[in-house]
>>> print(open('query.cif').read())   # mmCIF, C-alpha atoms
data_query
#
loop_
_atom_site.label_atom_id
_atom_site.label_comp_id
_atom_site.auth_asym_id
_atom_site.auth_seq_id
_atom_site.Cartn_x
_atom_site.Cartn_y
_atom_site.Cartn_z
CA MET X 29 3.55 2.19 14.03
CA LYS X 30 4.15 5.06 16.48
CA LYS X 31 7.91 4.72 15.94
CA ILE X 32 7.42 5.04 12.16
CA PHE X 33 5.49 8.30 12.49
CA THR X 34 7.99 9.65 15.04
CA ILE X 35 10.81 9.10 12.55
CA LEU X 36 8.85 10.68 9.70
CA ALA X 37 7.89 13.66 11.81
CA GLY X 38 11.57 14.10 12.62
CA CYS X 39 12.37 14.19 8.90
CA LEU X 40 9.82 16.94 8.31
CA LEU X 41 11.10 18.97 11.28
CA LEU X 42 14.63 18.62 9.95
CA SER X 43 13.44 19.98 6.61
CA ALA X 44 11.87 22.98 8.34
CA SER X 45 15.14 23.63 10.18
CA ALA X 46 17.05 23.48 6.91
CA PHE X 47 14.64 26.02 5.43
CA ALA X 48 15.23 28.41 8.32
CA ASN X 49 18.98 28.18 7.81
CA SER X 50 18.62 28.71 4.08
CA GLU X 51 16.86 32.06 4.63
CA SER X 52 19.96 33.54 6.25
CA ASP X 53 22.15 32.20 3.45
CA ALA X 54 19.90 33.78 0.82
CA ALA X 55 20.85 37.25 2.05
CA GLN X 56 24.46 36.62 1.06
CA THR X 57 24.08 34.36 -1.99
CA LYS X 58 21.70 33.96 -4.87
CA GLU X 59 18.57 31.94 -4.24
CA ILE X 60 19.11 28.39 -5.43
CA ASP X 61 16.30 26.95 -7.59
CA ASN X 62 15.45 23.54 -6.17
CA SER X 63 11.77 23.56 -7.15
CA PHE X 64 10.64 21.36 -10.03
CA PHE X 65 8.02 18.90 -11.30
CA THR X 66 8.60 15.14 -11.65
CA LEU X 67 6.63 12.54 -13.61
CA LYS X 68 6.82 8.90 -12.46
CA LEU X 69 5.47 5.72 -14.05
CA GLY X 70 5.91 2.42 -12.24
CA TYR X 71 4.73 -1.07 -11.32
CA GLY X 72 3.97 -2.22 -7.78
CA LEU X 73 5.07 -5.45 -6.13
CA GLY X 74 3.73 -6.52 -2.78
CA GLY X 75 0.53 -7.55 -1.12
CA THR X 76 -2.12 -7.00 1.52
CA ALA X 77 -0.94 -8.90 4.56
CA PRO X 78 -1.46 -9.29 8.32
CA LEU X 79 1.36 -8.29 10.69
CA PRO X 80 2.43 -10.52 12.28
CA LEU X 81 1.17 -13.68 10.53
CA PRO X 82 -1.81 -14.85 12.64
CA ALA X 83 -2.26 -18.39 13.98
CA GLU X 84 -5.23 -18.92 11.64
CA MET X 85 -2.92 -18.79 8.58
CA ARG X 86 -1.27 -22.23 8.51
CA LYS X 87 0.29 -22.22 5.03
CA ILE X 88 0.64 -19.89 2.02
CA ASN X 89 0.06 -22.02 -1.10
CA GLY X 90 0.35 -19.37 -3.80
CA PHE X 91 0.64 -15.65 -4.51
CA LYS X 92 0.08 -13.57 -7.65
CA PRO X 93 0.18 -9.75 -7.94
CA LEU X 94 -2.32 -8.00 -10.18
CA PHE X 95 -1.33 -5.38 -12.76
CA ASN X 96 -0.35 -2.79 -10.14
CA PHE X 97 0.24 0.35 -12.19
CA SER X 98 1.33 3.66 -10.68
CA ALA X 99 1.27 7.09 -12.35
CA GLN X 100 2.21 10.19 -10.38
CA VAL X 101 2.95 13.87 -10.84
CA LEU X 102 5.01 15.40 -8.03
CA TYR X 103 6.30 18.85 -7.21
CA ASN X 104 9.44 19.40 -5.14
CA ILE X 105 9.19 22.66 -3.17
CA GLY X 106 12.80 23.76 -2.77
CA LEU X 107 13.77 24.86 0.74
CA SER X 108 17.51 24.96 0.16
CA GLU X 109 20.09 23.59 -2.24
CA ARG X 110 19.56 20.05 -0.94
CA TRP X 111 16.32 19.99 1.07
CA GLY X 112 12.73 20.24 -0.08
CA ILE X 113 9.12 19.17 0.46
CA LEU X 114 7.84 16.66 -2.11
CA THR X 115 4.09 16.43 -2.74
CA GLY X 116 1.64 15.83 -5.57
CA ALA X 117 -0.86 13.19 -6.70
CA ARG X 118 -0.58 9.50 -7.53
CA LEU X 119 -3.11 7.18 -9.20
CA GLU X 120 -2.29 3.60 -8.30
CA ARG X 121 -3.55 0.06 -8.02
CA LYS X 122 -2.73 -2.25 -5.11
CA GLY X 123 -3.93 -5.77 -5.81
CA MET X 124 -3.05 -9.43 -5.33
CA THR X 125 -4.49 -12.94 -5.27
CA ALA X 126 -3.33 -15.36 -2.58
CA GLU X 127 -4.04 -19.01 -1.81
CA ALA X 128 -3.71 -20.34 1.74
CA THR X 129 -4.58 -23.17 4.09
CA VAL X 130 -6.25 -21.84 7.24
CA LYS X 131 -7.76 -23.05 10.52
CA ASN X 132 -10.65 -21.34 12.35
CA TYR X 133 -10.49 -18.45 9.86
CA GLY X 134 -13.42 -16.01 10.19
CA MET X 135 -15.68 -16.41 7.16
CA THR X 136 -19.09 -15.53 5.72
CA ILE X 137 -19.95 -17.57 2.62
CA SER X 138 -22.86 -17.68 0.19
CA ASP X 139 -25.12 -20.70 0.48
CA ASP X 140 -27.07 -22.55 -2.22
CA GLU X 141 -30.28 -20.65 -1.45
CA GLY X 142 -28.83 -17.18 -2.08
CA GLY X 143 -28.25 -16.36 1.58
CA THR X 144 -25.11 -16.36 3.72
CA VAL X 145 -23.76 -18.36 6.62
CA SER X 146 -21.00 -17.21 8.99
CA GLY X 147 -18.56 -19.07 11.18
CA ARG X 148 -15.01 -20.42 11.36
CA TRP X 149 -13.48 -21.97 8.25
CA THR X 150 -10.83 -24.71 8.23
CA GLY X 151 -9.43 -25.68 4.83
CA ASP X 152 -8.25 -23.93 1.67
CA VAL X 153 -9.08 -20.37 0.69
CA THR X 154 -8.36 -18.17 -2.34
CA MET X 155 -8.68 -14.43 -1.78
CA THR X 156 -8.28 -11.38 -4.02
CA SER X 157 -7.71 -7.85 -2.75
CA ASP X 158 -7.93 -5.05 -5.32
CA ILE X 159 -7.71 -1.33 -4.46
CA ILE X 160 -7.50 1.56 -6.91
CA GLN X 161 -6.87 4.86 -5.15
CA LEU X 162 -5.83 8.47 -5.57
CA THR X 163 -2.94 9.16 -3.21
CA VAL X 164 -1.40 12.41 -1.96
CA PRO X 165 2.12 11.98 -0.50
CA VAL X 166 3.97 14.57 1.58
CA SER X 167 7.67 13.86 2.09
CA ALA X 168 10.92 15.50 3.04
CA SER X 169 13.32 15.24 0.06
CA PHE X 170 17.10 15.41 0.06
CA ASN X 171 19.48 15.73 -2.90
CA CYS X 172 22.44 13.47 -2.15
CA SER X 173 24.15 14.47 -5.41
CA GLU X 174 23.30 15.47 -8.97
CA LYS X 175 22.21 11.88 -9.68
CA TRP X 176 20.75 10.65 -6.38
CA ARG X 177 17.71 11.92 -4.46
CA VAL X 178 15.93 10.34 -1.46
CA HIS X 179 12.67 11.10 0.32
CA ALA X 180 10.61 9.95 3.32
CA GLY X 181 7.22 10.99 4.66
CA MET X 182 3.54 10.13 4.81
CA PHE X 183 0.64 9.61 2.42
CA ILE X 184 -3.15 9.71 2.44
CA GLY X 185 -5.21 7.88 -0.17
CA ILE X 186 -8.88 7.81 -1.18
CA ALA X 187 -10.07 4.59 -2.82
CA THR X 188 -11.98 5.07 -6.09
CA LYS X 189 -12.63 1.33 -6.34
CA HIS X 190 -12.06 -1.58 -3.97
CA LYS X 191 -12.81 -5.31 -3.87
CA PHE X 192 -12.08 -8.21 -1.54
CA TYR X 193 -13.52 -11.57 -2.56
CA GLY X 194 -12.66 -15.24 -3.01
CA GLU X 195 -13.57 -18.90 -2.55
CA VAL X 196 -13.30 -21.59 0.12
CA TYR X 197 -12.94 -25.31 -0.65
CA ASN X 198 -11.51 -28.63 0.60
CA GLY X 199 -12.59 -28.09 4.21
CA TYR X 200 -15.46 -27.31 6.56
CA LEU X 201 -17.20 -24.38 8.22
CA ARG X 202 -18.15 -24.42 11.90
CA GLU X 203 -21.27 -22.29 12.01
CA GLY X 204 -21.06 -19.42 14.50
CA ASP X 205 -17.91 -20.47 16.42
CA PRO X 206 -15.31 -23.30 16.40
CA THR X 207 -17.78 -25.61 18.24
CA GLY X 208 -20.78 -24.92 16.00
CA ALA X 209 -22.52 -27.16 13.47
CA LYS X 210 -20.11 -28.55 10.84
CA ILE X 211 -20.74 -27.78 7.16
CA GLU X 212 -18.54 -29.80 4.79
CA ILE X 213 -17.35 -28.16 1.55
CA ASP X 214 -15.26 -30.38 -0.71
CA ASP X 215 -15.00 -30.11 -4.51
CA GLN X 216 -17.73 -27.47 -4.93
CA ALA X 217 -16.20 -24.15 -3.84
CA GLN X 218 -18.30 -21.54 -2.02
CA THR X 219 -17.76 -17.83 -2.57
CA PHE X 220 -17.41 -14.84 -0.25
CA ASP X 221 -17.31 -11.08 -0.87
CA PHE X 222 -16.26 -8.49 1.72
CA SER X 223 -15.98 -5.55 -0.71
CA GLN X 224 -18.72 -3.56 1.04
CA GLU X 225 -16.78 -3.75 4.31
CA MET X 226 -13.63 -2.05 2.98
CA ARG X 227 -12.68 1.48 4.03
CA ASN X 228 -12.31 4.37 1.58
CA LEU X 229 -9.57 6.31 3.40
CA HIS X 230 -6.05 4.91 3.66
CA PHE X 231 -2.90 6.42 5.15
CA GLY X 232 0.64 5.28 5.83
CA ALA X 233 4.36 5.83 5.46
CA THR X 234 6.36 6.29 2.26
CA ALA X 235 10.07 6.34 1.44
CA GLY X 236 12.17 5.97 -1.69
CA CYS X 237 15.02 7.05 -3.90
CA GLU X 238 15.68 8.21 -7.46
CA PHE X 239 18.74 7.74 -9.65
CA TYR X 240 19.16 9.88 -12.78
CA PHE X 241 21.17 7.93 -15.32
CA TYR X 242 20.82 10.33 -18.29
CA LYS X 243 20.14 14.05 -17.89
CA ARG X 244 16.47 14.30 -16.78
CA PHE X 245 15.71 10.58 -17.14
CA GLY X 246 16.00 8.28 -14.16
CA ALA X 247 14.75 5.22 -12.28
CA PHE X 248 13.06 5.12 -8.90
CA ALA X 249 12.14 2.72 -6.10
CA ASP X 250 9.44 3.58 -3.54
CA LEU X 251 8.04 1.74 -0.53
CA ASN X 252 4.48 2.53 0.56
CA TRP X 253 3.38 0.93 3.82
CA GLY X 254 -0.28 1.26 4.80
CA VAL X 255 -0.77 1.57 8.56
CA ASN X 256 -4.56 1.24 8.85
CA ASN X 257 -6.67 -1.87 8.24
CA ILE X 258 -8.24 -2.16 4.77
CA PHE X 259 -11.57 -2.98 6.45
CA VAL X 260 -13.82 -0.64 8.42
CA SER X 261 -13.42 -0.72 12.21
CA ASP X 262 -16.71 -2.52 12.94
CA PHE X 263 -16.01 -5.42 10.54
CA GLU X 264 -15.41 -8.47 12.74
CA THR X 265 -15.59 -11.46 10.40
CA ILE X 266 -11.82 -11.41 9.79
CA SER X 267 -10.35 -11.11 13.27
CA PHE X 268 -6.98 -9.56 12.29
CA ASN X 269 -5.93 -6.43 10.40
CA LEU X 270 -4.71 -6.46 6.80
CA TYR X 271 -2.23 -3.83 5.60
CA PRO X 272 -1.34 -2.95 1.97
CA ILE X 273 2.47 -3.03 1.67
CA TYR X 274 3.87 -2.36 -1.80
CA ALA X 275 7.21 -1.48 -3.38
CA THR X 276 7.01 0.41 -6.67
CA LEU X 277 9.73 0.31 -9.33
CA GLY X 278 9.74 2.47 -12.43
CA PHE X 279 11.06 5.38 -14.43
CA THR X 280 11.02 9.09 -13.72
CA TYR X 281 11.41 12.31 -15.69
CA SER X 282 12.36 15.61 -14.07
CA PHE X 283 11.08 18.91 -15.56
CA LYS X 284 14.05 20.94 -14.34
#
>>> encode(input="query.cif", output="structure tokens")
Amino acid sequence: MKKIFTILAGCLLLSASAFANSESDAAQTKEIDNSFFTLKLGYGLGGTAPLPLPAEMRKINGFKPLFNFSAQVLYNIGLSERWGILTGARLERKGMTAEATVKNYGMTISDDEGGTVSGRWTGDVTMTSDIIQLTVPVSASFNCSEKWRVHAGMFIGIATKHKFYGEVYNGYLREGDPTGAKIEIDDQAQTFDFSQEMRNLHFGATAGCEFYFYKRFGAFADLNWGVNNIFVSDFETISFNLYPIYATLGFTYSFK
């Protein structure tokens, strides 16, 4: 993760250098207008995943993304003819449902009496992660040509709604630790809900490109890679970190 931020910081420093050079050019030539608004509408593909895949995850049995919409208004602050700083606001959803077979997977499930029991689960699990957040990206942008533009930088997001829940079935729970009392769960699935343990603040790296195929209309592809765990730091039931990693594809309109 440190290497990612080092690269992104380098991009921003390069933009600042380009701005300094552009000031001297402005004394001899007309100021070039490279500041404009952009509207983007897209759909996200990806998931919330551990990196690397932990030993507890033995098999991925299924995966389904939710309706991961993305709507953003961005402003490119022109620093020179080609370079700029891209920022704005994005409302987005990052959600998915996954099915897996696990062994000794940290779990807290609801029991038949309305309470909970914690331990290590071995068997099948279905989990849903759903995050709706307001995101502010800050990127260095570069105009490759009249049709192509690329950007790379960072983002910070505040969740307006988040959920993480699911079911366990076809297996057993060892209460407390892998040597604890064995609780069999077969056909009747038991539920879990870790929504209250999710963090509100998310940050990460972002990069992407735009291609304008007709005047102000274009298509875009963005990659947004969360670098902090979706759960709060003192949540210990799930023993590994989960990161939201999503690619967004869609259409863009430039107000220039």
>>> atom_distance(input="query.cif", atom1="atom CA of X:Leu81", atom2="atom CA of X:Asn256")
16.1 Å
>>> resolve_selection(input="query.cif", expression="the PyMOL selection byres ((chain X and resi 136-140) around 8)", output="number ranges by chain")
X: 134-135, 141-147, 218-221, 265
>>> write_last_selection(input="query.cif", atoms="C-alpha atoms", output="mmCIF file, in the frame of the given file")
data_model
loop_
_atom_site.group_PDB
_atom_site.id
_atom_site.type_symbol
_atom_site.label_atom_id
_atom_site.label_comp_id
_atom_site.auth_asym_id
_atom_site.auth_seq_id
_atom_site.Cartn_x
_atom_site.Cartn_y
_atom_site.Cartn_z
ATOM 1 C CA GLY X 134 -13.420 -16.010 10.190
ATOM 2 C CA MET X 135 -15.680 -16.410 7.160
ATOM 3 C CA GLU X 141 -30.280 -20.650 -1.450
ATOM 4 C CA GLY X 142 -28.830 -17.180 -2.080
ATOM 5 C CA GLY X 143 -28.250 -16.360 1.580
ATOM 6 C CA THR X 144 -25.110 -16.360 3.720
ATOM 7 C CA VAL X 145 -23.760 -18.360 6.620
ATOM 8 C CA SER X 146 -21.000 -17.210 8.990
ATOM 9 C CA GLY X 147 -18.560 -19.070 11.180
ATOM 10 C CA GLN X 218 -18.300 -21.540 -2.020
ATOM 11 C CA THR X 219 -17.760 -17.830 -2.570
ATOM 12 C CA PHE X 220 -17.410 -14.840 -0.250
ATOM 13 C CA ASP X 221 -17.310 -11.080 -0.870
ATOM 14 C CA THR X 265 -15.590 -11.460 10.400
#
>>> closest_atom_pairs(input="query.cif", of="stretch 210-237 of chain X", to="stretch 109-117 of chain X", cutoff="12 Å", atoms="all atoms listed in the file", output="JSON lines")
{"residue": "X:Thr234", "atom": "CA", "partner": "X:Leu114", "partner_atom": "CA", "distance": 11.4}
{"residue": "X:Ala235", "atom": "CA", "partner": "X:Leu114", "partner_atom": "CA", "distance": 11.1}
{"residue": "X:Gly236", "atom": "CA", "partner": "X:Leu114", "partner_atom": "CA", "distance": 11.5}
>>> closest_residue(input="query.cif", among="X:Ser167, X:Asn89, X:Ser261, X:Asn198", to="X:Leu102", atoms="all atoms listed in the file")
X:Ser167
>>> atom_distance(input="query.cif", atom1="atom CA of X:Phe241", atom2="atom CA of X:Ser173")
12.2 Å
>>> residues_around(input="query.cif", residues="X:Lys68", least_positions_apart="3", cutoff="10 Å", atoms="all atoms listed in the file", output="PyMOL selection string")
chain X and resi 98-102+118+246-248+277-282
>>> atom_distance(input="query.cif", atom1="atom CA of X:Asn104", atom2="atom CA of X:Trp253")
21.4 Å
>>> residues_around(input="query.cif", residues="stretch 190-195 of chain X", least_positions_apart="5", cutoff="7 Å", atoms="all atoms listed in the file", output="list in words")
Val153, Thr154, Met155, Thr156, Ser157, Asp158, Ile159, Ile160, Ala217, Gln218, Thr219, Phe220, Asp221, Phe222 and Ser223 of chain X
>>> closest_residue(input="query.cif", among="X:Gly199, X:Gly232, X:Pro78, X:Gly70", to="X:Gly181", atoms="all atoms listed in the file")
X:Gly232
>>> resolve_selection(input="query.cif", expression="the PyMOL selection byres ((chain X and resi 86) around 12)", output="list of chain:residue names")
X:Leu81, X:Pro82, X:Ala83, X:Glu84, X:Met85, X:Lys87, X:Ile88, X:Asn89, X:Glu127, X:Ala128, X:Thr129, X:Val130, X:Lys131, X:Asn132, X:Tyr133, X:Thr150, X:Gly151, X:Asp152, X:Val153
>>> resolve_selection(input="query.cif", expression="the PyMOL selection byres ((chain X and resi 214) around 6)", output="list in words")
Tyr197, Asn198, Ile213, Asp215 and Gln216 of chain X
>>> decode(input="query.cif", residues="stretch 85-96 of chain X", atoms="all heavy atoms", output="PDB file, in the first residue's frame")
ATOM      1  N   MET X  85     -10.624 -19.274   3.662  1.00  0.00           N
ATOM      2  CA  MET X  85     -11.488 -19.334   2.463  1.00  0.00           C
ATOM      3  C   MET X  85     -11.037 -20.495   1.590  1.00  0.00           C
ATOM      4  O   MET X  85     -10.025 -20.410   0.901  1.00  0.00           O
ATOM      5  CB  MET X  85     -11.399 -18.022   1.697  1.00  0.00           C
ATOM      6  CG  MET X  85     -11.757 -16.800   2.519  1.00  0.00           C
ATOM      7  SD  MET X  85     -13.519 -16.627   2.854  1.00  0.00           S
ATOM      8  CE  MET X  85     -14.128 -16.241   1.238  1.00  0.00           C
ATOM      9  N   ARG X  86     -11.789 -21.600   1.603  1.00  0.00           N
ATOM     10  CA  ARG X  86     -11.391 -22.798   0.873  1.00  0.00           C
ATOM     11  C   ARG X  86     -11.920 -22.824  -0.564  1.00  0.00           C
ATOM     12  O   ARG X  86     -11.272 -23.368  -1.459  1.00  0.00           O
ATOM     13  CB  ARG X  86     -11.874 -24.046   1.631  1.00  0.00           C
ATOM     14  CG  ARG X  86     -11.217 -24.206   3.002  1.00  0.00           C
ATOM     15  CD  ARG X  86      -9.694 -24.171   2.864  1.00  0.00           C
ATOM     16  NE  ARG X  86      -9.000 -24.183   4.141  1.00  0.00           N
ATOM     17  CZ  ARG X  86      -8.571 -25.264   4.749  1.00  0.00           C
ATOM     18  NH1 ARG X  86      -8.778 -26.465   4.215  1.00  0.00           N
ATOM     19  NH2 ARG X  86      -7.931 -25.177   5.888  1.00  0.00           N
ATOM     20  N   LYS X  87     -13.085 -22.220  -0.805  1.00  0.00           N
ATOM     21  CA  LYS X  87     -13.664 -22.280  -2.147  1.00  0.00           C
ATOM     22  C   LYS X  87     -14.702 -21.185  -2.317  1.00  0.00           C
ATOM     23  O   LYS X  87     -15.516 -20.963  -1.422  1.00  0.00           O
ATOM     24  CB  LYS X  87     -14.304 -23.653  -2.389  1.00  0.00           C
ATOM     25  CG  LYS X  87     -14.872 -23.852  -3.777  1.00  0.00           C
ATOM     26  CD  LYS X  87     -15.499 -25.231  -3.904  1.00  0.00           C
ATOM     27  CE  LYS X  87     -16.122 -25.434  -5.286  1.00  0.00           C
ATOM     28  NZ  LYS X  87     -16.797 -26.760  -5.402  1.00  0.00           N
ATOM     29  N   ILE X  88     -14.665 -20.478  -3.452  1.00  0.00           N
ATOM     30  CA  ILE X  88     -15.687 -19.490  -3.802  1.00  0.00           C
ATOM     31  C   ILE X  88     -16.745 -20.197  -4.655  1.00  0.00           C
ATOM     32  O   ILE X  88     -16.454 -20.678  -5.750  1.00  0.00           O
ATOM     33  CB  ILE X  88     -15.090 -18.302  -4.568  1.00  0.00           C
ATOM     34  CG1 ILE X  88     -13.960 -17.654  -3.754  1.00  0.00           C
ATOM     35  CG2 ILE X  88     -16.173 -17.283  -4.898  1.00  0.00           C
ATOM     36  CD1 ILE X  88     -14.394 -17.086  -2.435  1.00  0.00           C
ATOM     37  N   ASN X  89     -17.970 -20.266  -4.152  1.00  0.00           N
ATOM     38  CA  ASN X  89     -19.035 -21.015  -4.833  1.00  0.00           C
ATOM     39  C   ASN X  89     -19.925 -20.143  -5.704  1.00  0.00           C
ATOM     40  O   ASN X  89     -20.627 -20.654  -6.584  1.00  0.00           O
ATOM     41  CB  ASN X  89     -19.901 -21.741  -3.803  1.00  0.00           C
ATOM     42  CG  ASN X  89     -19.092 -22.727  -2.982  1.00  0.00           C
ATOM     43  OD1 ASN X  89     -18.229 -23.426  -3.505  1.00  0.00           O
ATOM     44  ND2 ASN X  89     -19.362 -22.772  -1.682  1.00  0.00           N
ATOM     45  N   GLY X  90     -19.916 -18.838  -5.483  1.00  0.00           N
ATOM     46  CA  GLY X  90     -20.765 -17.958  -6.274  1.00  0.00           C
ATOM     47  C   GLY X  90     -20.483 -16.502  -5.959  1.00  0.00           C
ATOM     48  O   GLY X  90     -19.971 -16.161  -4.890  1.00  0.00           O
ATOM     49  N   PHE X  91     -20.793 -15.634  -6.918  1.00  0.00           N
ATOM     50  CA  PHE X  91     -20.575 -14.196  -6.746  1.00  0.00           C
ATOM     51  C   PHE X  91     -21.607 -13.435  -7.571  1.00  0.00           C
ATOM     52  O   PHE X  91     -21.872 -13.788  -8.721  1.00  0.00           O
ATOM     53  CB  PHE X  91     -19.163 -13.791  -7.189  1.00  0.00           C
ATOM     54  CG  PHE X  91     -18.916 -12.310  -7.129  1.00  0.00           C
ATOM     55  CD1 PHE X  91     -18.544 -11.710  -5.943  1.00  0.00           C
ATOM     56  CD2 PHE X  91     -19.081 -11.517  -8.252  1.00  0.00           C
ATOM     57  CE1 PHE X  91     -18.330 -10.344  -5.879  1.00  0.00           C
ATOM     58  CE2 PHE X  91     -18.868 -10.152  -8.199  1.00  0.00           C
ATOM     59  CZ  PHE X  91     -18.492  -9.567  -7.002  1.00  0.00           C
ATOM     60  N   LYS X  92     -22.182 -12.395  -6.969  1.00  0.00           N
ATOM     61  CA  LYS X  92     -23.185 -11.582  -7.669  1.00  0.00           C
ATOM     62  C   LYS X  92     -23.054 -10.130  -7.229  1.00  0.00           C
ATOM     63  O   LYS X  92     -23.216  -9.816  -6.046  1.00  0.00           O
ATOM     64  CB  LYS X  92     -24.591 -12.094  -7.370  1.00  0.00           C
ATOM     65  CG  LYS X  92     -25.689 -11.296  -8.049  1.00  0.00           C
ATOM     66  CD  LYS X  92     -27.057 -11.821  -7.664  1.00  0.00           C
ATOM     67  CE  LYS X  92     -28.172 -10.987  -8.311  1.00  0.00           C
ATOM     68  NZ  LYS X  92     -29.514 -11.476  -7.892  1.00  0.00           N
ATOM     69  N   PRO X  93     -22.748  -9.205  -8.146  1.00  0.00           N
ATOM     70  CA  PRO X  93     -22.703  -7.781  -7.774  1.00  0.00           C
ATOM     71  C   PRO X  93     -24.114  -7.232  -7.591  1.00  0.00           C
ATOM     72  O   PRO X  93     -25.068  -7.710  -8.208  1.00  0.00           O
ATOM     73  CB  PRO X  93     -22.004  -7.130  -8.974  1.00  0.00           C
ATOM     74  CG  PRO X  93     -22.311  -8.026 -10.121  1.00  0.00           C
ATOM     75  CD  PRO X  93     -22.392  -9.424  -9.567  1.00  0.00           C
ATOM     76  N   LEU X  94     -24.240  -6.236  -6.726  1.00  0.00           N
ATOM     77  CA  LEU X  94     -25.504  -5.532  -6.581  1.00  0.00           C
ATOM     78  C   LEU X  94     -25.598  -4.450  -7.659  1.00  0.00           C
ATOM     79  O   LEU X  94     -24.725  -4.351  -8.527  1.00  0.00           O
ATOM     80  CB  LEU X  94     -25.594  -4.919  -5.177  1.00  0.00           C
ATOM     81  CG  LEU X  94     -25.459  -5.902  -4.002  1.00  0.00           C
ATOM     82  CD1 LEU X  94     -25.622  -5.156  -2.678  1.00  0.00           C
ATOM     83  CD2 LEU X  94     -26.447  -7.046  -4.108  1.00  0.00           C
ATOM     84  N   PHE X  95     -26.668  -3.653  -7.616  1.00  0.00           N
ATOM     85  CA  PHE X  95     -26.798  -2.562  -8.585  1.00  0.00           C
ATOM     86  C   PHE X  95     -25.888  -1.424  -8.131  1.00  0.00           C
ATOM     87  O   PHE X  95     -26.276  -0.532  -7.387  1.00  0.00           O
ATOM     88  CB  PHE X  95     -28.244  -2.090  -8.696  1.00  0.00           C
ATOM     89  CG  PHE X  95     -28.424  -0.950  -9.649  1.00  0.00           C
ATOM     90  CD1 PHE X  95     -28.172  -1.114 -11.006  1.00  0.00           C
ATOM     91  CD2 PHE X  95     -28.823   0.292  -9.190  1.00  0.00           C
ATOM     92  CE1 PHE X  95     -28.335  -0.054 -11.887  1.00  0.00           C
ATOM     93  CE2 PHE X  95     -28.978   1.357 -10.066  1.00  0.00           C
ATOM     94  CZ  PHE X  95     -28.729   1.179 -11.419  1.00  0.00           C
ATOM     95  N   ASN X  96     -24.651  -1.445  -8.593  1.00  0.00           N
ATOM     96  CA  ASN X  96     -23.619  -0.525  -8.129  1.00  0.00           C
ATOM     97  C   ASN X  96     -23.560   0.725  -8.998  1.00  0.00           C
ATOM     98  O   ASN X  96     -22.688   0.883  -9.853  1.00  0.00           O
ATOM     99  CB  ASN X  96     -22.267  -1.238  -8.107  1.00  0.00           C
ATOM    100  CG  ASN X  96     -22.239  -2.375  -7.122  1.00  0.00           C
ATOM    101  OD1 ASN X  96     -22.741  -2.272  -6.014  1.00  0.00           O
ATOM    102  ND2 ASN X  96     -21.666  -3.501  -7.526  1.00  0.00           N
TER     103      ASN X  96
END
